[in-house]
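> The file below is my_file_12.pdb, PDB, C-alpha atoms, pLDDT in the B column:
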ATOM      1  CA  ALA A  15     -10.767 -38.685  15.341  1.00 41.00           C
ATOM      2  CA  LYS A  16     -11.175 -37.703  11.735  1.00 50.00           C
ATOM      3  CA  MET A  17     -12.216 -34.206  10.731  1.00 55.00           C
ATOM      4  CA  ARG A  18     -15.580 -35.552   9.669  1.00 56.00           C
ATOM      5  CA  LYS A  19     -17.381 -38.839   9.416  1.00 54.00           C
ATOM      6  CA  PRO A  20     -19.160 -39.636   6.162  1.00 55.00           C
ATOM      7  CA  GLN A  21     -22.881 -39.993   6.628  1.00 61.00           C
ATOM      8  CA  ASP A  22     -25.243 -42.069   4.533  1.00 63.00           C
ATOM      9  CA  GLY A  23     -25.860 -40.000   1.411  1.00 64.00           C
ATOM     10  CA  VAL A  24     -25.624 -36.676   3.277  1.00 66.00           C
ATOM     11  CA  PRO A  25     -22.984 -34.354   1.857  1.00 67.00           C
ATOM     12  CA  GLY A  26     -20.833 -32.763   4.505  1.00 69.00           C
ATOM     13  CA  PRO A  27     -18.853 -29.561   4.528  1.00 77.00           C
ATOM     14  CA  VAL A  28     -15.902 -29.185   2.186  1.00 81.00           C
ATOM     15  CA  ILE A  29     -12.793 -29.346   4.361  1.00 85.00           C
ATOM     16  CA  MET A  30      -9.512 -28.191   2.866  1.00 89.00           C
ATOM     17  CA  PRO A  31      -6.497 -27.351   5.038  1.00 90.00           C
ATOM     18  CA  ARG A  32      -4.493 -24.283   4.025  1.00 90.00           C
ATOM     19  CA  VAL A  33      -0.835 -24.731   3.072  1.00 88.00           C
ATOM     20  CA  SER A  34       1.473 -21.749   3.386  1.00 86.00           C
ATOM     21  CA  LEU A  35       5.214 -22.117   2.984  1.00 82.00           C
ATOM     22  CA  GLU A  36       6.800 -19.526   5.238  1.00 78.00           C
ATOM     23  CA  GLY A  37       9.129 -19.171   8.191  1.00 76.00           C
ATOM     24  CA  PHE A  38      12.252 -20.446   6.468  1.00 79.00           C
ATOM     25  CA  GLU A  39      15.502 -19.122   7.898  1.00 79.00           C
ATOM     26  CA  ASN A  40      17.038 -18.714   4.459  1.00 80.00           C
ATOM     27  CA  VAL A  41      16.188 -19.020   0.783  1.00 80.00           C
ATOM     28  CA  THR A  42      18.347 -22.147   0.419  1.00 84.00           C
ATOM     29  CA  GLN A  43      16.049 -24.124   2.743  1.00 84.00           C
ATOM     30  CA  LEU A  44      12.995 -22.933   0.857  1.00 84.00           C
ATOM     31  CA  GLU A  45      14.537 -23.708  -2.530  1.00 84.00           C
ATOM     32  CA  ALA A  46      15.315 -27.255  -1.346  1.00 85.00           C
ATOM     33  CA  LEU A  47      11.639 -27.762  -0.483  1.00 85.00           C
ATOM     34  CA  LEU A  48      10.499 -26.233  -3.780  1.00 88.00           C
ATOM     35  CA  GLU A  49      12.591 -28.823  -5.619  1.00 89.00           C
ATOM     36  CA  SER A  50      10.470 -31.680  -4.221  1.00 88.00           C
ATOM     37  CA  PRO A  51       6.829 -30.916  -5.073  1.00 88.00           C
ATOM     38  CA  ARG A  52       6.000 -34.588  -5.526  1.00 86.00           C
ATOM     39  CA  ASP A  53       7.112 -35.398  -1.958  1.00 89.00           C
ATOM     40  CA  VAL A  54       5.088 -32.486  -0.557  1.00 89.00           C
ATOM     41  CA  GLY A  55       2.110 -33.452  -2.739  1.00 88.00           C
ATOM     42  CA  ASP A  56       2.283 -37.078  -1.604  1.00 89.00           C
ATOM     43  CA  ALA A  57       2.431 -35.992   2.069  1.00 91.00           C
ATOM     44  CA  LEU A  58      -0.547 -33.641   1.613  1.00 90.00           C
ATOM     45  CA  THR A  59      -2.496 -36.330  -0.239  1.00 90.00           C
ATOM     46  CA  LYS A  60      -1.823 -38.813   2.578  1.00 91.00           C
ATOM     47  CA  LEU A  61      -2.947 -36.263   5.197  1.00 91.00           C
ATOM     48  CA  CYS A  62      -6.121 -35.442   3.265  1.00 90.00           C
ATOM     49  CA  VAL A  63      -7.018 -39.105   2.795  1.00 88.00           C
ATOM     50  CA  GLU A  64      -6.359 -39.954   6.464  1.00 90.00           C
ATOM     51  CA  GLU A  65      -8.316 -36.946   7.749  1.00 88.00           C
ATOM     52  CA  GLN A  66     -11.073 -37.204   5.115  1.00 85.00           C
ATOM     53  CA  CYS A  67     -10.355 -33.776   3.649  1.00 88.00           C
ATOM     54  CA  ASP A  68     -11.447 -32.834   0.146  1.00 88.00           C
ATOM     55  CA  GLY A  69      -8.070 -31.396  -0.835  1.00 89.00           C
ATOM     56  CA  PHE A  70      -5.993 -28.407   0.168  1.00 89.00           C
ATOM     57  CA  VAL A  71      -5.688 -24.674  -0.337  1.00 91.00           C
ATOM     58  CA  VAL A  72      -2.258 -23.301  -1.303  1.00 89.00           C
ATOM     59  CA  ASP A  73      -1.227 -19.744  -0.510  1.00 86.00           C
ATOM     60  CA  ALA A  74       0.582 -18.276  -3.535  1.00 78.00           C
ATOM     61  CA  THR A  75       2.582 -15.784  -1.444  1.00 75.00           C
ATOM     62  CA  LEU A  76       5.823 -17.349  -2.714  1.00 73.00           C
ATOM     63  CA  LEU A  77       5.085 -15.860  -6.113  1.00 69.00           C
ATOM     64  CA  PHE A  78       5.761 -12.373  -4.674  1.00 67.00           C
ATOM     65  CA  PHE A  79       9.491 -13.003  -4.546  1.00 74.00           C
ATOM     66  CA  PRO A  80      11.172 -12.584  -7.948  1.00 76.00           C
ATOM     67  CA  GLN A  81      14.228 -14.653  -6.971  1.00 80.00           C
ATOM     68  CA  ILE A  82      12.110 -17.792  -6.436  1.00 80.00           C
ATOM     69  CA  LYS A  83       9.116 -17.113  -8.699  1.00 79.00           C
ATOM     70  CA  ALA A  84      10.156 -19.643 -11.374  1.00 82.00           C
ATOM     71  CA  ALA A  85      10.812 -22.317  -8.736  1.00 85.00           C
ATOM     72  CA  ALA A  86       7.503 -21.494  -7.017  1.00 85.00           C
ATOM     73  CA  LEU A  87       5.549 -21.863 -10.284  1.00 84.00           C
ATOM     74  CA  ALA A  88       7.314 -25.173 -10.991  1.00 85.00           C
ATOM     75  CA  PHE A  89       6.497 -26.276  -7.431  1.00 88.00           C
ATOM     76  CA  LEU A  90       2.802 -25.415  -7.842  1.00 86.00           C
ATOM     77  CA  HIS A  91       2.748 -27.268 -11.160  1.00 83.00           C
ATOM     78  CA  GLY A  92       4.334 -30.341  -9.562  1.00 84.00           C
ATOM     79  CA  LEU A  93       2.053 -30.129  -6.563  1.00 85.00           C
ATOM     80  CA  SER A  94      -1.035 -30.090  -8.761  1.00 81.00           C
ATOM     81  CA  GLN A  95       0.318 -33.073 -10.720  1.00 80.00           C
ATOM     82  CA  ALA A  96       0.700 -35.001  -7.459  1.00 79.00           C
ATOM     83  CA  LEU A  97      -3.098 -34.879  -7.201  1.00 79.00           C
ATOM     84  CA  GLU A  98      -3.551 -36.453 -10.604  1.00 77.00           C
ATOM     85  CA  ASP A  99      -4.365 -39.933  -9.300  1.00 76.00           C
ATOM     86  CA  SER A 100      -6.481 -38.779  -6.388  1.00 83.00           C
ATOM     87  CA  GLN A 101      -9.917 -37.232  -6.251  1.00 82.00           C
ATOM     88  CA  LEU A 102      -8.594 -34.347  -4.160  1.00 88.00           C
ATOM     89  CA  LYS A 103      -8.912 -30.707  -5.133  1.00 88.00           C
ATOM     90  CA  MET A 104      -6.383 -27.902  -5.009  1.00 89.00           C
ATOM     91  CA  HIS A 105      -7.409 -24.275  -4.563  1.00 89.00           C
ATOM     92  CA  LEU A 106      -4.899 -21.464  -5.015  1.00 87.00           C
ATOM     93  CA  ILE A 107      -5.037 -18.192  -3.068  1.00 86.00           C
ATOM     94  CA  LEU A 108      -4.238 -15.079  -5.114  1.00 80.00           C
ATOM     95  CA  PRO A 109      -3.660 -11.544  -3.861  1.00 76.00           C
ATOM     96  CA  PRO A 110      -5.625  -8.654  -5.355  1.00 73.00           C
ATOM     97  CA  ALA A 111      -3.879  -6.972  -8.289  1.00 64.00           C
ATOM     98  CA  GLY A 112      -2.810  -3.424  -7.711  1.00 55.00           C
ATOM     99  CA  ARG A 113      -2.090  -3.834  -4.004  1.00 49.00           C
ATOM    100  CA  HIS A 114       1.016  -6.016  -4.338  1.00 50.00           C
ATOM    101  CA  SER A 115       3.475  -6.640  -7.128  1.00 46.00           C
ATOM    102  CA  LEU A 116       2.483 -10.146  -8.179  1.00 52.00           C
ATOM    103  CA  ASP A 117       4.629 -10.706 -11.246  1.00 55.00           C
ATOM    104  CA  VAL A 118       2.649 -13.713 -12.480  1.00 61.00           C
ATOM    105  CA  SER A 119      -0.005 -13.557 -15.139  1.00 65.00           C
ATOM    106  CA  PRO A 120      -3.385 -15.219 -14.664  1.00 62.00           C
ATOM    107  CA  GLU A 121      -2.569 -17.171 -17.829  1.00 67.00           C
ATOM    108  CA  ASP A 122       0.441 -18.692 -16.025  1.00 70.00           C
ATOM    109  CA  LEU A 123      -1.855 -19.744 -13.216  1.00 70.00           C
ATOM    110  CA  LEU A 124      -4.493 -21.162 -15.556  1.00 69.00           C
ATOM    111  CA  ALA A 125      -1.786 -23.353 -17.082  1.00 70.00           C
ATOM    112  CA  LEU A 126      -1.414 -25.164 -13.758  1.00 72.00           C
ATOM    113  CA  PRO A 127      -3.097 -28.550 -14.097  1.00 68.00           C
ATOM    114  CA  LEU A 128      -5.717 -29.568 -11.591  1.00 75.00           C
ATOM    115  CA  VAL A 129      -6.219 -26.231  -9.843  1.00 82.00           C
ATOM    116  CA  HIS A 130      -9.950 -26.393  -9.215  1.00 85.00           C
ATOM    117  CA  ARG A 131     -10.505 -22.883  -7.876  1.00 88.00           C
ATOM    118  CA  PHE A 132      -8.706 -19.592  -7.441  1.00 86.00           C
ATOM    119  CA  ILE A 133      -9.420 -17.706  -4.232  1.00 88.00           C
ATOM    120  CA  LEU A 134      -9.007 -13.959  -4.521  1.00 85.00           C
ATOM    121  CA  GLN A 135      -7.944 -12.912  -1.023  1.00 83.00           C
ATOM    122  CA  THR A 136      -9.279  -9.409  -0.469  1.00 80.00           C
ATOM    123  CA  ARG A 137      -8.634  -8.715   3.162  1.00 73.00           C
ATOM    124  CA  ASP A 138      -5.542  -6.600   3.297  1.00 70.00           C
ATOM    125  CA  PHE A 139      -6.624  -3.186   2.060  1.00 72.00           C
ATOM    126  CA  THR A 140      -5.714  -1.636   5.403  1.00 67.00           C
ATOM    127  CA  ARG A 141      -2.210  -2.552   6.521  1.00 63.00           C
ATOM    128  CA  GLY A 142       0.380  -1.380   8.989  1.00 59.00           C
ATOM    129  CA  ALA A 143      -0.546   1.691  10.983  1.00 55.00           C
ATOM    130  CA  GLU A 144      -3.646   2.535   8.946  1.00 65.00           C
ATOM    131  CA  PHE A 145      -7.132   2.383  10.432  1.00 73.00           C
ATOM    132  CA  GLY A 146     -10.100   1.217   8.414  1.00 75.00           C
ATOM    133  CA  PRO A 147     -11.850  -1.681   6.718  1.00 79.00           C
ATOM    134  CA  ALA A 148      -9.911  -4.761   5.722  1.00 78.00           C
ATOM    135  CA  ALA A 149     -11.842  -5.122   2.460  1.00 82.00           C
ATOM    136  CA  PRO A 150     -14.018  -2.174   1.397  1.00 84.00           C
ATOM    137  CA  LEU A 151     -16.538  -3.484  -1.122  1.00 87.00           C
ATOM    138  CA  PRO A 152     -15.678  -0.975  -3.918  1.00 89.00           C
ATOM    139  CA  TRP A 153     -12.050  -2.120  -3.671  1.00 84.00           C
ATOM    140  CA  VAL A 154     -13.121  -5.796  -3.694  1.00 87.00           C
ATOM    141  CA  LYS A 155     -15.301  -5.240  -6.781  1.00 90.00           C
ATOM    142  CA  ALA A 156     -12.426  -3.448  -8.537  1.00 87.00           C
ATOM    143  CA  ALA A 157     -10.015  -6.298  -7.704  1.00 84.00           C
ATOM    144  CA  VAL A 158     -12.458  -8.883  -9.083  1.00 87.00           C
ATOM    145  CA  SER A 159     -13.023  -6.776 -12.219  1.00 87.00           C
ATOM    146  CA  ARG A 160      -9.271  -6.392 -12.840  1.00 82.00           C
ATOM    147  CA  LEU A 161      -8.654 -10.114 -12.515  1.00 80.00           C
ATOM    148  CA  THR A 162     -11.606 -11.261 -14.620  1.00 83.00           C
ATOM    149  CA  ALA A 163     -11.057  -8.578 -17.297  1.00 83.00           C
ATOM    150  CA  ALA A 164      -7.405  -9.607 -17.668  1.00 76.00           C
ATOM    151  CA  THR A 165      -8.300 -13.301 -17.923  1.00 77.00           C
ATOM    152  CA  PRO A 166     -12.010 -14.056 -18.422  1.00 82.00           C
ATOM    153  CA  ALA A 167     -11.370 -17.804 -18.078  1.00 80.00           C
ATOM    154  CA  VAL A 168     -10.663 -17.230 -14.364  1.00 80.00           C
ATOM    155  CA  ALA A 169     -14.223 -16.029 -13.636  1.00 86.00           C
ATOM    156  CA  PRO A 170     -15.971 -19.434 -13.389  1.00 89.00           C
ATOM    157  CA  LEU A 171     -13.149 -20.740 -11.178  1.00 87.00           C
ATOM    158  CA  LEU A 172     -13.068 -17.756  -8.823  1.00 88.00           C
ATOM    159  CA  LEU A 173     -14.013 -17.627  -5.142  1.00 89.00           C
ATOM    160  CA  VAL A 174     -13.684 -14.288  -3.348  1.00 90.00           C
ATOM    161  CA  ASP A 175     -12.467 -14.118   0.266  1.00 88.00           C
ATOM    162  CA  ILE A 176     -13.830 -10.914   1.815  1.00 86.00           C
ATOM    163  CA  GLY A 177     -12.694  -9.922   5.296  1.00 79.00           C
ATOM    164  CA  LEU A 178     -15.638  -8.268   7.040  1.00 80.00           C
ATOM    165  CA  TYR A 179     -13.681  -6.631   9.812  1.00 76.00           C
ATOM    166  CA  ALA A 180     -11.696  -3.437  10.306  1.00 73.00           C
ATOM    167  CA  ARG A 181      -8.372  -2.459  11.792  1.00 65.00           C
ATOM    168  CA  ALA A 182      -8.671  -0.174  14.783  1.00 67.00           C
ATOM    169  CA  TRP A 183      -5.127  -0.254  16.093  1.00 59.00           C
ATOM    170  CA  THR A 184      -1.791   1.179  15.073  1.00 57.00           C
ATOM    171  CA  GLY A 185       1.108  -0.884  13.787  1.00 55.00           C
ATOM    172  CA  GLY A 186       2.856  -1.345  17.151  1.00 54.00           C
ATOM    173  CA  GLU A 187      -0.212  -2.063  19.255  1.00 50.00           C
TER     174      GLU A 187
END
In structure tokens, write the structure found in this file.

Amino acid sequence: AKMRKPQDGVPGPVIMPRVSLEGFENVTQLEALLESPRDVGDALTKLCVEEQCDGFVVDATLLFFPQIKAAALAFLHGLSQALEDSQLKMHLILPPAGRHSLDVSPEDLLALPLVHRFILQTRDFTRGAEFGPAAPLPWVKAAVSRLTAATPAVAPLLLVDIGLYARAWTGGE
């Protein structure tokens, strides 16, 4: 069964699977994958067409690692180009500035063709053994302000992911 069945003139939910490249045993395996964005893009496009998805969401976690940042940006660029002939959308998840060391400028990300939206993922304020909210609203507002002040062109393309839960356990539990 498909994820959804089109109905006569009734718009359905937007369905976009999330793609996260992780779990590689070594950097060499990951680098090999990053060298073939067209193949990955074609496979994702085929999946989205078969399952009637509207596109896919890509987690930009790879951009955290300086040794593969250039390859990751080239991969994202190639992946977005793979969508060129389709009507599919690509959304890119970004971490909040100031919490991690994302060494990529918003201008670099805006240069990616066919990225329809940026999703600011604000749900990791409390990490490890800390107790507390995952995304306190003052912190979320500050993260949005930092991103949009640095690159105002991001604002109309921005979705904000706010985790409305809290951590109430220690790191080992």
> Figure out the distance between CA of Val174 in chain A and CA of Leu161 in chain A, please, to one decimal in Å.
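Distance reported for this atom pair: 11.3 Å.
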> Here's a test: counting all atoms listed in the file, identify every protein, DNA and RNA residue with an atom at most 12 Å from (-2.1, -39.1, 1.3) in the file's coordinate frame, and state them as a list in words.
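Output: Arg52, Asp53, Val54, Gly55, Asp56, Ala57, Leu58, Thr59, Lys60, Leu61, Cys62, Val63, Glu64, Glu65, Gln66, Cys67, Asp68, Gly69, Phe70, Ala96, Leu97, Asp99, Ser100, Gln101 and Leu102 of chain A.
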> Pull C-alpha atoms from the residues just selected and write them as a PDB file, in the coordinates of the input.

ATOM      1  CA  ARG A  52       6.000 -34.588  -5.526  1.00 86.00           C
ATOM      2  CA  ASP A  53       7.112 -35.398  -1.958  1.00 89.00           C
ATOM      3  CA  VAL A  54       5.088 -32.486  -0.557  1.00 89.00           C
ATOM      4  CA  GLY A  55       2.110 -33.452  -2.739  1.00 88.00           C
ATOM      5  CA  ASP A  56       2.283 -37.078  -1.604  1.00 89.00           C
ATOM      6  CA  ALA A  57       2.431 -35.992   2.069  1.00 91.00           C
ATOM      7  CA  LEU A  58      -0.547 -33.641   1.613  1.00 90.00           C
ATOM      8  CA  THR A  59      -2.496 -36.330  -0.239  1.00 90.00           C
ATOM      9  CA  LYS A  60      -1.823 -38.813   2.578  1.00 91.00           C
ATOM     10  CA  LEU A  61      -2.947 -36.263   5.197  1.00 91.00           C
ATOM     11  CA  CYS A  62      -6.121 -35.442   3.265  1.00 90.00           C
ATOM     12  CA  VAL A  63      -7.018 -39.105   2.795  1.00 88.00           C
ATOM     13  CA  GLU A  64      -6.359 -39.954   6.464  1.00 90.00           C
ATOM     14  CA  GLU A  65      -8.316 -36.946   7.749  1.00 88.00           C
ATOM     15  CA  GLN A  66     -11.073 -37.204   5.115  1.00 85.00           C
ATOM     16  CA  CYS A  67     -10.355 -33.776   3.649  1.00 88.00           C
ATOM     17  CA  ASP A  68     -11.447 -32.834   0.146  1.00 88.00           C
ATOM     18  CA  GLY A  69      -8.070 -31.396  -0.835  1.00 89.00           C
ATOM     19  CA  PHE A  70      -5.993 -28.407   0.168  1.00 89.00           C
ATOM     20  CA  ALA A  96       0.700 -35.001  -7.459  1.00 79.00           C
ATOM     21  CA  LEU A  97      -3.098 -34.879  -7.201  1.00 79.00           C
ATOM     22  CA  ASP A  99      -4.365 -39.933  -9.300  1.00 76.00           C
ATOM     23  CA  SER A 100      -6.481 -38.779  -6.388  1.00 83.00           C
ATOM     24  CA  GLN A 101      -9.917 -37.232  -6.251  1.00 82.00           C
ATOM     25  CA  LEU A 102      -8.594 -34.347  -4.160  1.00 88.00           C
TER      26      LEU A 102
END
> For Ile82 in chain A, which residue among A:Ser34, A:Glu45, A:Leu106, A:Ser50 is the nearest when counting only C-alpha atoms?
A:Glu45
> For Leu93 in chain A, which residue out of A:Pro150, A:Val72, A:Gln81, A:Asp138 is the nearest one, using all atoms listed in the file?
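The closest residue to Leu93 in chain A is A:Val72.
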> List, as a list in words, every residue that the PyMOL selection byres ((chain A and resi 176) around 7) selects in the file provided.
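Selection result, ordered by chain and number: Gln135, Thr136, Arg137, Ala149, Val174, Asp175, Gly177 and Leu178 of chain A.
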> Using only C-alpha atoms, pick whichever of A:Leu134, A:Ile29, A:Leu76, A:Ala46 has the shortest atom-to-atom distance to Leu173 in chain A.
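With only C-alpha atoms as the atom set, the closest residue is A:Leu134.
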> Just the number, please: distance in Å from CA of Leu90 in chain A to CA of Val129 in chain A, one decimal.
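Answer for the CA of Leu90 in chain A to CA of Val129 in chain A separation: 9.3 Å.
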> Name the closest residue to Lys155 in chain A among the candidates A:Pro27, A:Pro110, A:Pro51, A:Gly92; distances are taken between atoms, counting all atoms listed in the file.
A:Pro110
> Could you check how far CA of Phe132 in chain A sits from CA of Pro170 in chain A, in Å to one decimal?
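Straight-line distance from CA of Phe132 in chain A to CA of Pro170 in chain A works out to 9.4 Å.
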> Return the single residue from A:Leu35, A:Tyr179, A:Ala167, A:Phe89 that is closest to Pro147 in chain A, with distances computed using only C-alpha atoms.
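Once distances to Pro147 in chain A are computed over only C-alpha atoms, the minimum belongs to A:Tyr179.
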> So, counting only C-alpha atoms, which residue among A:Ile133, A:Phe139, A:Asp73, A:Glu49 is closest to Arg32 in chain A?
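Among the listed residues, the smallest separation from Arg32 in chain A belongs to A:Asp73.
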> Excluding Val168 in chain A and any residue of its chain fewer than 3 positions from it, enumerate the residues within 12 Å of it, using all atoms listed in the file, and give them as a ChimeraX atom specification.
/A:106,108,119-125,129-134,158-165,171-174
